[in-house]
$ cat input-v9.txt   # compact mmCIF, C-alpha atoms
# COMPACT_ATOMS: atom_id res chain seq x y z
CA MET A 176 39.56 27.41 -66.77
CA LYS A 177 36.15 28.49 -68.03
CA ALA A 178 33.19 26.29 -67.11
CA SER A 179 29.61 26.10 -68.21
CA ALA A 180 27.30 24.22 -65.91
CA ASP A 181 23.76 23.18 -65.18
CA ILE A 182 22.80 23.20 -61.52
CA GLY A 183 19.66 21.64 -60.02
CA ILE A 184 19.27 21.94 -56.27
CA VAL A 185 16.91 19.67 -54.31
CA PRO A 186 16.35 20.48 -50.63
CA LEU A 187 15.15 17.44 -48.65
CA GLY A 188 13.09 17.45 -45.49
CA ALA A 189 11.78 20.84 -46.51
CA GLY A 190 8.39 19.99 -48.03
CA ALA A 191 7.34 19.32 -51.61
CA SER A 192 7.60 22.94 -52.77
CA LEU A 193 11.09 23.99 -53.78
CA SER A 194 10.66 27.35 -55.52
CA ARG A 195 11.70 29.52 -52.56
CA TYR A 196 15.04 27.69 -52.31
CA VAL A 197 15.63 27.71 -56.05
CA ALA A 198 14.97 31.47 -56.08
CA ALA A 199 17.54 32.01 -53.30
CA CYS A 200 20.17 30.23 -55.41
CA GLU A 201 19.23 32.23 -58.50
CA ARG A 202 20.08 35.35 -56.52
CA VAL A 203 23.43 33.85 -55.52
CA PHE A 204 24.24 33.03 -59.16
CA THR A 205 23.22 36.50 -60.36
CA GLU A 206 25.32 38.22 -57.70
CA ALA A 207 28.28 36.05 -58.76
CA GLY A 208 27.89 37.26 -62.37
CA LEU A 209 27.20 33.76 -63.70
CA GLN A 210 24.34 34.78 -66.04
CA PRO A 211 21.85 32.22 -64.69
CA ARG A 212 19.21 30.94 -67.07
CA LEU A 213 16.49 29.00 -65.33
CA HIS A 214 14.71 26.00 -66.87
CA GLY A 215 12.27 23.44 -65.47
CA TYR A 216 14.95 21.20 -63.93
CA GLY A 217 17.85 23.48 -63.09
CA THR A 218 19.76 26.58 -64.05
CA ASN A 219 22.41 27.05 -66.72
CA VAL A 220 25.34 29.18 -65.56
CA GLU A 221 28.76 30.00 -66.94
CA GLY A 222 31.95 31.66 -65.76
CA ASP A 223 35.32 30.89 -64.32
CA TRP A 224 35.49 27.38 -62.79
CA ASP A 225 36.26 28.71 -59.30
CA ALA A 226 33.47 31.31 -59.44
CA VAL A 227 30.92 28.68 -60.47
CA PHE A 228 31.77 26.30 -57.63
CA ALA A 229 32.11 29.05 -55.03
CA ALA A 230 28.54 30.02 -55.94
CA VAL A 231 27.29 26.43 -55.62
CA LYS A 232 28.81 26.27 -52.14
CA ARG A 233 27.22 29.59 -51.16
CA CYS A 234 23.91 28.27 -52.47
CA HIS A 235 24.15 25.19 -50.18
CA GLU A 236 25.05 27.41 -47.20
CA THR A 237 22.12 29.73 -47.93
CA VAL A 238 19.56 26.92 -48.29
CA HIS A 239 20.72 25.27 -45.06
CA GLU A 240 20.35 28.66 -43.30
CA MET A 241 16.79 28.85 -44.69
CA GLY A 242 16.04 25.64 -42.78
CA ALA A 243 16.57 22.69 -45.12
CA PRO A 244 18.40 19.96 -43.15
CA ARG A 245 19.60 18.11 -46.24
CA ILE A 246 20.40 19.18 -49.79
CA LEU A 247 21.12 17.14 -52.90
CA THR A 248 22.42 19.07 -55.90
CA VAL A 249 22.89 17.66 -59.38
CA ILE A 250 25.57 19.48 -61.39
CA LYS A 251 26.58 18.98 -65.00
CA VAL A 252 29.78 20.84 -65.72
CA GLY A 253 31.56 21.15 -69.04
CA THR A 254 35.01 22.39 -69.99
CA ARG A 255 36.68 22.39 -73.38
CA THR A 256 40.09 23.22 -74.73
CA ASP A 257 39.24 23.15 -78.45
CA ARG A 258 37.23 26.37 -78.47
CA GLU A 259 35.09 28.69 -76.41
CA GLN A 260 31.38 27.93 -76.44
CA SER A 261 28.70 29.55 -74.31
CA ASN A 262 25.40 27.91 -73.40
CA GLU A 263 23.76 30.28 -75.93
CA ASP A 264 26.20 29.07 -78.60
CA LYS A 265 25.26 25.45 -77.88
CA ILE A 266 21.55 26.18 -78.24
CA ALA A 267 22.13 28.20 -81.44
CA SER A 268 24.15 25.32 -82.88
CA VAL A 269 21.28 22.85 -82.36
CA GLU A 270 18.78 25.36 -83.77
CA ARG A 271 20.86 25.73 -86.93
CA GLU A 272 20.77 21.93 -87.34
CA LEU A 273 17.00 21.94 -86.86
CA ALA A 274 16.63 24.65 -89.51
CA GLY A 275 18.54 22.43 -91.91
CA GLU A 276 21.48 24.79 -92.34
CA MET B 58 31.14 21.81 -44.62
CA LYS B 59 31.39 18.09 -45.24
CA ALA B 60 30.21 16.80 -48.61
CA SER B 61 29.52 13.41 -50.03
CA ALA B 62 29.37 13.22 -53.79
CA ASP B 63 29.04 11.01 -56.81
CA ILE B 64 31.20 12.00 -59.77
CA GLY B 65 30.86 10.65 -63.31
CA ILE B 66 33.29 12.03 -65.87
CA VAL B 67 32.61 11.77 -69.61
CA PRO B 68 35.42 12.84 -71.97
CA LEU B 69 34.10 13.77 -75.45
CA GLY B 70 35.99 13.61 -78.71
CA ALA B 71 38.22 10.98 -77.14
CA GLY B 72 36.75 7.75 -78.50
CA ALA B 73 34.17 5.35 -77.08
CA SER B 74 36.44 3.88 -74.40
CA LEU B 75 36.62 5.92 -71.22
CA SER B 76 38.38 3.68 -68.70
CA ARG B 77 41.83 5.29 -69.02
CA TYR B 78 40.38 8.69 -68.13
CA VAL B 79 38.22 7.36 -65.32
CA ALA B 80 41.30 5.64 -63.86
CA ALA B 81 43.26 8.92 -63.95
CA CYS B 82 40.52 10.61 -61.92
CA GLU B 83 40.41 7.71 -59.45
CA ARG B 84 44.09 8.39 -58.77
CA VAL B 85 43.34 12.09 -58.21
CA PHE B 86 40.55 11.24 -55.75
CA THR B 87 42.72 8.74 -53.87
CA GLU B 88 45.59 11.21 -53.59
CA ALA B 89 43.13 13.78 -52.23
CA GLY B 90 42.06 11.36 -49.48
CA LEU B 91 38.44 11.22 -50.69
CA GLN B 92 38.00 7.44 -50.31
CA PRO B 93 36.77 6.85 -53.88
CA ARG B 94 34.43 3.95 -54.42
CA LEU B 95 33.92 3.17 -58.10
CA HIS B 96 30.63 1.92 -59.56
CA GLY B 97 29.41 1.41 -63.11
CA TYR B 98 28.39 5.04 -63.66
CA GLY B 99 30.66 7.08 -61.45
CA THR B 100 32.60 7.22 -58.22
CA ASN B 101 31.36 7.96 -54.70
CA VAL B 102 33.68 10.24 -52.75
CA GLU B 103 33.46 12.11 -49.48
CA GLY B 104 35.41 14.78 -47.63
CA ASP B 105 35.52 18.47 -47.00
CA TRP B 106 33.51 20.43 -49.62
CA ASP B 107 36.58 22.34 -50.83
CA ALA B 108 38.72 19.19 -51.07
CA VAL B 109 36.03 17.41 -53.14
CA PHE B 110 35.70 20.24 -55.66
CA ALA B 111 39.45 20.92 -55.86
CA ALA B 112 39.81 17.25 -56.85
CA VAL B 113 37.09 17.49 -59.52
CA LYS B 114 38.92 20.48 -61.01
CA ARG B 115 42.24 18.62 -60.97
CA CYS B 116 40.50 15.70 -62.65
CA HIS B 117 39.31 17.96 -65.51
CA GLU B 118 42.81 19.45 -65.88
CA THR B 119 44.36 15.96 -65.97
CA VAL B 120 41.93 14.57 -68.56
CA HIS B 121 42.42 17.61 -70.83
CA GLU B 122 46.20 17.10 -70.56
CA MET B 123 45.66 13.46 -71.60
CA GLY B 124 44.14 14.75 -74.85
CA ALA B 125 40.38 14.99 -74.41
CA PRO B 126 39.24 18.30 -75.98
CA ARG B 127 35.92 18.35 -74.16
CA ILE B 128 34.72 16.96 -70.84
CA LEU B 129 31.25 16.68 -69.36
CA THR B 130 31.05 15.69 -65.70
CA VAL B 131 27.89 14.84 -63.81
CA ILE B 132 28.15 15.47 -60.07
CA LYS B 133 25.62 14.72 -57.35
CA VAL B 134 26.65 16.40 -54.13
CA GLY B 135 24.94 16.15 -50.76
CA THR B 136 25.31 18.13 -47.55
CA ARG B 137 23.30 17.85 -44.37
CA THR B 138 23.12 19.74 -41.11
CA ASP B 139 20.94 17.27 -39.17
CA ARG B 140 23.60 14.59 -38.76
CA GLU B 141 26.76 13.11 -40.23
CA GLN B 142 26.22 10.30 -42.71
CA SER B 143 28.85 8.63 -44.88
CA ASN B 144 28.14 6.88 -48.16
CA GLU B 145 28.66 3.58 -46.30
CA ASP B 146 26.06 4.66 -43.73
CA LYS B 147 23.54 5.37 -46.48
CA ILE B 148 24.03 1.93 -48.02
CA ALA B 149 23.83 0.21 -44.62
CA SER B 150 20.60 2.07 -43.89
CA VAL B 151 18.95 0.73 -47.08
CA GLU B 152 20.26 -2.75 -46.38
CA ARG B 153 18.69 -2.72 -42.92
CA GLU B 154 15.36 -1.80 -44.55
CA LEU B 155 15.76 -4.66 -47.02
CA ALA B 156 16.47 -7.07 -44.18
CA GLY B 157 13.18 -6.00 -42.59
CA GLU B 158 14.76 -4.49 -39.47
CA MET C 455 18.22 -3.09 -77.08
CA LYS C 456 20.20 -3.81 -73.94
CA ALA C 457 20.61 -0.97 -71.43
CA SER C 458 22.74 -0.43 -68.39
CA ALA C 459 21.60 2.32 -66.09
CA ASP C 460 22.13 4.12 -62.83
CA ILE C 461 18.99 5.12 -60.98
CA GLY C 462 18.78 7.51 -58.04
CA ILE C 463 15.32 8.17 -56.66
CA VAL C 464 14.58 11.22 -54.49
CA PRO C 465 11.15 11.41 -52.82
CA LEU C 466 10.17 14.99 -51.91
CA GLY C 467 7.81 16.07 -49.18
CA ALA C 468 8.57 12.82 -47.41
CA GLY C 469 11.14 13.88 -44.82
CA ALA C 470 14.93 13.85 -44.89
CA SER C 471 15.32 10.07 -44.58
CA LEU C 472 15.03 8.22 -47.86
CA SER C 473 16.21 4.67 -47.10
CA ARG C 474 12.72 3.12 -46.83
CA TYR C 475 11.84 4.33 -50.34
CA VAL C 476 15.17 3.34 -51.83
CA ALA C 477 14.73 -0.16 -50.34
CA ALA C 478 11.27 -0.47 -51.94
CA CYS C 479 12.79 0.29 -55.34
CA GLU C 480 15.62 -2.19 -54.77
CA ARG C 481 12.94 -4.86 -54.34
CA VAL C 482 11.29 -3.78 -57.59
CA PHE C 483 14.61 -3.99 -59.45
CA THR C 484 15.43 -7.40 -57.99
CA GLU C 485 12.00 -8.80 -58.89
CA ALA C 486 12.51 -7.48 -62.43
CA GLY C 487 15.80 -9.41 -62.71
CA LEU C 488 17.87 -6.27 -63.20
CA GLN C 489 20.74 -7.28 -60.87
CA PRO C 490 20.65 -4.10 -58.77
CA ARG C 491 23.89 -2.96 -57.22
CA LEU C 492 23.41 -0.21 -54.67
CA HIS C 493 25.90 2.61 -54.09
CA GLY C 494 25.77 5.81 -52.06
CA TYR C 495 23.92 7.85 -54.70
CA GLY C 496 21.87 5.35 -56.67
CA THR C 497 21.66 1.82 -57.98
CA ASN C 498 23.31 0.29 -61.04
CA VAL C 499 20.97 -2.00 -63.00
CA GLU C 500 21.11 -3.70 -66.37
CA GLY C 501 18.77 -5.58 -68.68
CA ASP C 502 16.56 -5.09 -71.67
CA TRP C 503 15.69 -1.40 -72.25
CA ASP C 504 11.95 -1.98 -71.78
CA ALA C 505 12.44 -4.02 -68.60
CA VAL C 506 14.64 -1.30 -67.08
CA PHE C 507 12.14 1.49 -67.72
CA ALA C 508 9.10 -0.59 -66.73
CA ALA C 509 10.85 -1.09 -63.37
CA VAL C 510 11.56 2.62 -62.96
CA LYS C 511 7.86 3.32 -63.57
CA ARG C 512 6.82 0.66 -61.04
CA CYS C 513 9.26 2.20 -58.56
CA HIS C 514 7.58 5.64 -58.93
CA GLU C 515 4.14 4.05 -58.51
CA THR C 516 5.28 2.18 -55.40
CA VAL C 517 6.86 5.22 -53.74
CA HIS C 518 3.78 7.36 -54.41
CA GLU C 519 1.65 4.60 -52.84
CA MET C 520 3.95 4.71 -49.79
CA GLY C 521 2.95 8.36 -49.35
CA ALA C 522 5.51 10.53 -51.13
CA PRO C 523 3.61 13.28 -52.99
CA ARG C 524 6.47 14.13 -55.32
CA ILE C 525 9.38 12.14 -56.72
CA LEU C 526 12.45 13.22 -58.66
CA THR C 527 14.56 10.47 -60.18
CA VAL C 528 17.91 10.91 -61.84
CA ILE C 529 18.70 8.23 -64.42
CA LYS C 530 21.88 7.69 -66.41
CA VAL C 531 21.28 5.17 -69.16
CA GLY C 532 23.83 3.77 -71.59
CA THR C 533 23.47 1.77 -74.79
CA ARG C 534 26.15 0.67 -77.21
CA THR C 535 26.25 -1.03 -80.58
CA ASP C 536 30.01 -1.69 -80.74
CA ARG C 537 30.07 -4.42 -78.10
CA GLU C 538 28.35 -5.78 -75.01
CA GLN C 539 29.61 -4.41 -71.73
CA SER C 540 28.12 -4.98 -68.29
CA ASN C 541 28.54 -2.63 -65.33
CA GLU C 542 30.96 -5.20 -63.88
CA ASP C 543 32.96 -5.08 -67.13
CA LYS C 544 33.21 -1.30 -66.91
CA ILE C 545 34.51 -1.43 -63.36
CA ALA C 546 36.98 -4.21 -64.22
CA SER C 547 38.25 -2.17 -67.17
CA VAL C 548 39.06 0.83 -64.92
CA GLU C 549 40.66 -1.46 -62.35
CA ARG C 550 42.95 -2.92 -65.01
CA GLU C 551 44.02 0.62 -65.91
CA LEU C 552 44.69 1.38 -62.25
CA ALA C 553 46.80 -1.78 -61.95
CA GLY C 554 48.88 -0.53 -64.87
CA GLU C 555 47.99 -3.41 -67.20
CA MET D 1472 0.88 8.91 -64.88
CA LYS D 1473 2.04 12.29 -66.15
CA ALA D 1474 5.79 12.95 -66.19
CA SER D 1475 7.93 15.99 -66.71
CA ALA D 1476 11.53 15.31 -67.55
CA ASP D 1477 14.86 16.78 -68.52
CA ILE D 1478 16.83 14.78 -71.05
CA GLY D 1479 20.49 15.29 -71.97
CA ILE D 1480 21.92 12.93 -74.56
CA VAL D 1481 25.69 12.43 -74.92
CA PRO D 1482 26.88 10.35 -77.91
CA LEU D 1483 30.37 8.89 -77.33
CA GLY D 1484 32.89 7.93 -79.96
CA ALA D 1485 31.23 10.43 -82.27
CA GLY D 1486 33.51 13.45 -82.00
CA ALA D 1487 33.34 16.52 -79.78
CA SER D 1488 30.42 18.16 -81.60
CA LEU D 1489 27.03 16.93 -80.47
CA SER D 1490 24.54 19.37 -82.03
CA ARG D 1491 23.53 17.14 -84.96
CA TYR D 1492 22.53 14.34 -82.58
CA VAL D 1493 20.76 16.65 -80.16
CA ALA D 1494 18.77 18.10 -83.09
CA ALA D 1495 17.71 14.59 -84.18
CA CYS D 1496 16.32 13.96 -80.68
CA GLU D 1497 14.54 17.32 -80.64
CA ARG D 1498 12.68 16.18 -83.76
CA VAL D 1499 11.75 12.91 -82.05
CA PHE D 1500 10.42 14.79 -79.00
CA THR D 1501 8.45 17.24 -81.16
CA GLU D 1502 6.88 14.43 -83.21
CA ALA D 1503 5.89 12.72 -79.95
CA GLY D 1504 4.07 15.87 -78.81
CA LEU D 1505 6.29 16.36 -75.77
CA GLN D 1506 6.72 20.15 -76.15
CA PRO D 1507 10.53 20.09 -76.02
CA ARG D 1508 12.26 23.15 -74.64
CA LEU D 1509 15.98 23.12 -75.28
CA HIS D 1510 18.55 24.55 -72.85
CA GLY D 1511 22.34 24.44 -72.73
CA TYR D 1512 22.54 21.01 -71.04
CA GLY D 1513 19.42 19.16 -72.13
CA THR D 1514 15.79 19.46 -73.10
CA ASN D 1515 12.73 19.78 -70.88
CA VAL D 1516 9.80 17.66 -72.04
CA GLU D 1517 6.46 16.67 -70.56
CA GLY D 1518 3.68 14.22 -71.30
CA ASP D 1519 2.42 10.81 -70.38
CA TRP D 1520 5.12 8.67 -68.70
CA ASP D 1521 5.02 6.02 -71.44
CA ALA D 1522 5.16 8.60 -74.25
CA VAL D 1523 8.20 10.29 -72.66
CA PHE D 1524 10.19 7.06 -72.33
CA ALA D 1525 9.15 5.70 -75.73
CA ALA D 1526 10.61 8.91 -77.19
CA VAL D 1527 13.87 8.53 -75.25
CA LYS D 1528 14.21 5.00 -76.65
CA ARG D 1529 13.51 6.21 -80.19
CA CYS D 1530 16.12 8.93 -79.67
CA HIS D 1531 18.76 6.30 -78.74
CA GLU D 1532 17.82 4.18 -81.76
CA THR D 1533 18.04 7.21 -84.06
CA VAL D 1534 21.43 8.35 -82.77
CA HIS D 1535 22.89 4.83 -83.08
CA GLU D 1536 21.59 4.72 -86.68
CA MET D 1537 23.38 8.04 -87.30
CA GLY D 1538 26.64 6.31 -86.39
CA ALA D 1539 27.31 6.84 -82.69
CA PRO D 1540 28.54 3.53 -81.22
CA ARG D 1541 27.80 4.48 -77.63
CA ILE D 1542 25.29 6.80 -76.00
CA LEU D 1543 24.98 8.04 -72.43
CA THR D 1544 21.78 9.88 -71.55
CA VAL D 1545 21.09 11.69 -68.31
CA ILE D 1546 17.39 11.92 -67.45
CA LYS D 1547 15.73 13.73 -64.58
CA VAL D 1548 12.10 12.69 -64.33
CA GLY D 1549 9.48 14.01 -61.94
CA THR D 1550 6.02 12.81 -61.01
CA ARG D 1551 3.66 14.16 -58.40
CA THR D 1552 0.33 13.16 -56.95
CA ASP D 1553 -0.41 16.35 -55.00
CA ARG D 1554 -1.12 18.54 -58.03
CA GLU D 1555 -0.40 19.04 -61.71
CA GLN D 1556 2.56 21.24 -62.49
CA SER D 1557 4.13 21.88 -65.90
CA ASN D 1558 7.73 22.91 -66.46
CA GLU D 1559 6.39 26.40 -67.27
CA ASP D 1560 4.56 26.43 -63.92
CA LYS D 1561 7.78 25.56 -62.10
CA ILE D 1562 9.69 28.39 -63.75
CA ALA D 1563 6.84 30.85 -63.09
CA SER D 1564 6.80 29.83 -59.44
CA VAL D 1565 10.50 30.64 -59.02
CA GLU D 1566 10.07 33.91 -60.89
CA ARG D 1567 7.28 34.96 -58.53
CA GLU D 1568 9.62 34.29 -55.59
CA LEU D 1569 12.33 36.37 -57.25
CA ALA D 1570 9.86 39.22 -57.76
CA GLY D 1571 9.13 39.15 -54.04
CA GLU D 1572 5.47 38.13 -54.40
$ encode --input "input-v9.txt" --output "C-alpha cells"
Amino acid sequence: MKASADIGIVPLGAGASLSRYVAACERVFTEAGLQPRLHGYGTNVEGDWDAVFAAVKRCHETVHEMGAPRILTVIKVGTRTDREQSNEDKIASVERELAGE
Amino acid sequence: MKASADIGIVPLGAGASLSRYVAACERVFTEAGLQPRLHGYGTNVEGDWDAVFAAVKRCHETVHEMGAPRILTVIKVGTRTDREQSNEDKIASVERELAGE
Amino acid sequence: MKASADIGIVPLGAGASLSRYVAACERVFTEAGLQPRLHGYGTNVEGDWDAVFAAVKRCHETVHEMGAPRILTVIKVGTRTDREQSNEDKIASVERELAGE
Amino acid sequence: MKASADIGIVPLGAGASLSRYVAACERVFTEAGLQPRLHGYGTNVEGDWDAVFAAVKRCHETVHEMGAPRILTVIKVGTRTDREQSNEDKIASVERELAGE
C-alpha cells in the first residue's frame, strides 16, 4: 500500500529551537528514499506504507538519542485505491484550479 | 518503544457520515489490545510502537475494503524516555492542576 | 456558524511537563462556556465559531503570560450545514455502530 | 499577536476530489494578505492572529456555499514571544542545519 504523508515532529523539554531535530529527521527521510519536501510546519513524504512508518520510528529514536526526553509527532497520512496521486500531483491539481483551467 | 497516540480517520468519497468506518477501526484497535478510548475527534490508544502502527495500517485496509476510495488519517503520537505515562496519567495530571493541588 | 473542535496546545521551551498549561486553557474554555472535555491528546469543545476561536486566542495569551516563549497548537475544527451534531452525538453514533444497531 | 499557521481543509460528503475547494481557500488566503504557500497536505500562512482566523472562517463559509455539507479543517498555529520568525525563516533554519553550518 502506497502512502503519502505529512510529518511534523515536536521535541519537548528540548528548548524552543527545533531546527536541529527537524534536520536530523530530514536526513532519515532522505536516506529512506521518501523524497522529503520541507515546509514551515512539517515535511511531505511519500513511499510504501511500511517504509514511511519505519522512517518515522527511526526519527523518534534519533531525536531521543540527541537528548529530547519527550517527542510529539503529528502525522497526516493518506491512501487511495481509486488512483495514484503524488504530493506533486495534488499541488498541480490545485494550481490548475487556481489558473481557471 | 512504547507509544501513546491519538488517531482520527477521515474516509473521503464515502459520504458525510463517518461513524460506520470509525467503528470498524475501534474494533481493530480493541483486537490489537490498544485500549481505545473514543472522543469526538479521534481515539486515544497506547501500546508498543509497532503494534500501534500495525493497527493503523489494518484500519486503512479495512476501511478501503468497506468501499472508501480515499482515506486521510491524522495521528498524534508521543514517546518519552524520561518516564512512563499513560493517557489516563496525562488526564489525571491536568485534573490535579485544575483541583489546585 | 456553530463549530465543534478539538484543541491540543503544546508549549515549547517550557520543559517536558505540560499539565499546568493545559489546565490553564481548560479554565479558559470552561469560562467561555465551551463545555470542554479533556482527553489524552487535547480537549473537545463546541460553541459558536467566534467564541471557540476567541478562547483559543485567550489560551495562547495566557500560556505566554505563564512564561512559555513559544506555543504550537493543533486544532481540528468541524462545521456542517446538513444537521446539528454535538461531540456527544458523534460518540453515541459510533457506539451504536459498535453495538450492531 | 502575530501567528503563523498551517491549514488543511477537508470537505466531507463532497466526493474524493478536493482540489476545487482547496483552490477556493487559497484565493481567500491570498485576498487576506496571508502569503499562502501550498504543500501536499495544507497551506502555510502567516499574519495577524485575527486576520488568519477570519480567513479560516471565510474559507469554511465559502466551501459550504460551494456545496460541501460538512468540513473538517486541521490547523497548526504557532505564536512566539521570544522573537519573530516567518515560515521561510523556519525552513531556512533547518536548511542551514542540513548544510552543516
$ residues_around --input "input-v9.txt" --residues "Met1472 of chain D" --least-positions-apart "6" --cutoff "8 Å" --atoms "all atoms listed in the file" --output "PyMOL selection string"
chain D and resi 1519-1520+1550
$ closest_residue --input "input-v9.txt" --among "B:Ala125, B:Gly97, B:Thr87, B:Gly70" --to "chain C" --atoms "only C-alpha atoms"
B:Gly97
$ interface_residues --input "input-v9.txt" --of "chain C" --to "chain D" --cutoff "10 Å" --atoms "only C-alpha atoms" --output "JSON list (two decimals) with C-alpha atoms, in the frame of the given file"
[["chain", "number", "residue", "atom", "x", "y", "z"],
["C", 455, "MET", "CA", 18.22, -3.09, -77.08],
["C", 458, "SER", "CA", 22.74, -0.43, -68.39],
["C", 459, "ALA", "CA", 21.60, 2.32, -66.09],
["C", 460, "ASP", "CA", 22.13, 4.12, -62.83],
["C", 461, "ILE", "CA", 18.99, 5.12, -60.98],
["C", 462, "GLY", "CA", 18.78, 7.51, -58.04],
["C", 463, "ILE", "CA", 15.32, 8.17, -56.66],
["C", 464, "VAL", "CA", 14.58, 11.22, -54.49],
["C", 465, "PRO", "CA", 11.15, 11.41, -52.82],
["C", 466, "LEU", "CA", 10.17, 14.99, -51.91],
["C", 503, "TRP", "CA", 15.69, -1.40, -72.25],
["C", 504, "ASP", "CA", 11.95, -1.98, -71.78],
["C", 507, "PHE", "CA", 12.14, 1.49, -67.72],
["C", 508, "ALA", "CA", 9.10, -0.59, -66.73],
["C", 511, "LYS", "CA", 7.86, 3.32, -63.57],
["C", 514, "HIS", "CA", 7.58, 5.64, -58.93],
["C", 515, "GLU", "CA", 4.14, 4.05, -58.51],
["C", 518, "HIS", "CA", 3.78, 7.36, -54.41],
["C", 519, "GLU", "CA", 1.65, 4.60, -52.84],
["C", 521, "GLY", "CA", 2.95, 8.36, -49.35],
["C", 522, "ALA", "CA", 5.51, 10.53, -51.13],
["C", 523, "PRO", "CA", 3.61, 13.28, -52.99],
["C", 524, "ARG", "CA", 6.47, 14.13, -55.32],
["C", 525, "ILE", "CA", 9.38, 12.14, -56.72],
["C", 526, "LEU", "CA", 12.45, 13.22, -58.66],
["C", 527, "THR", "CA", 14.56, 10.47, -60.18],
["C", 528, "VAL", "CA", 17.91, 10.91, -61.84],
["C", 529, "ILE", "CA", 18.70, 8.23, -64.42],
["C", 530, "LYS", "CA", 21.88, 7.69, -66.41],
["C", 531, "VAL", "CA", 21.28, 5.17, -69.16],
["C", 532, "GLY", "CA", 23.83, 3.77, -71.59],
["C", 533, "THR", "CA", 23.47, 1.77, -74.79],
["C", 534, "ARG", "CA", 26.15, 0.67, -77.21],
["C", 535, "THR", "CA", 26.25, -1.03, -80.58],
["C", 536, "ASP", "CA", 30.01, -1.69, -80.74],
["C", 537, "ARG", "CA", 30.07, -4.42, -78.10]]
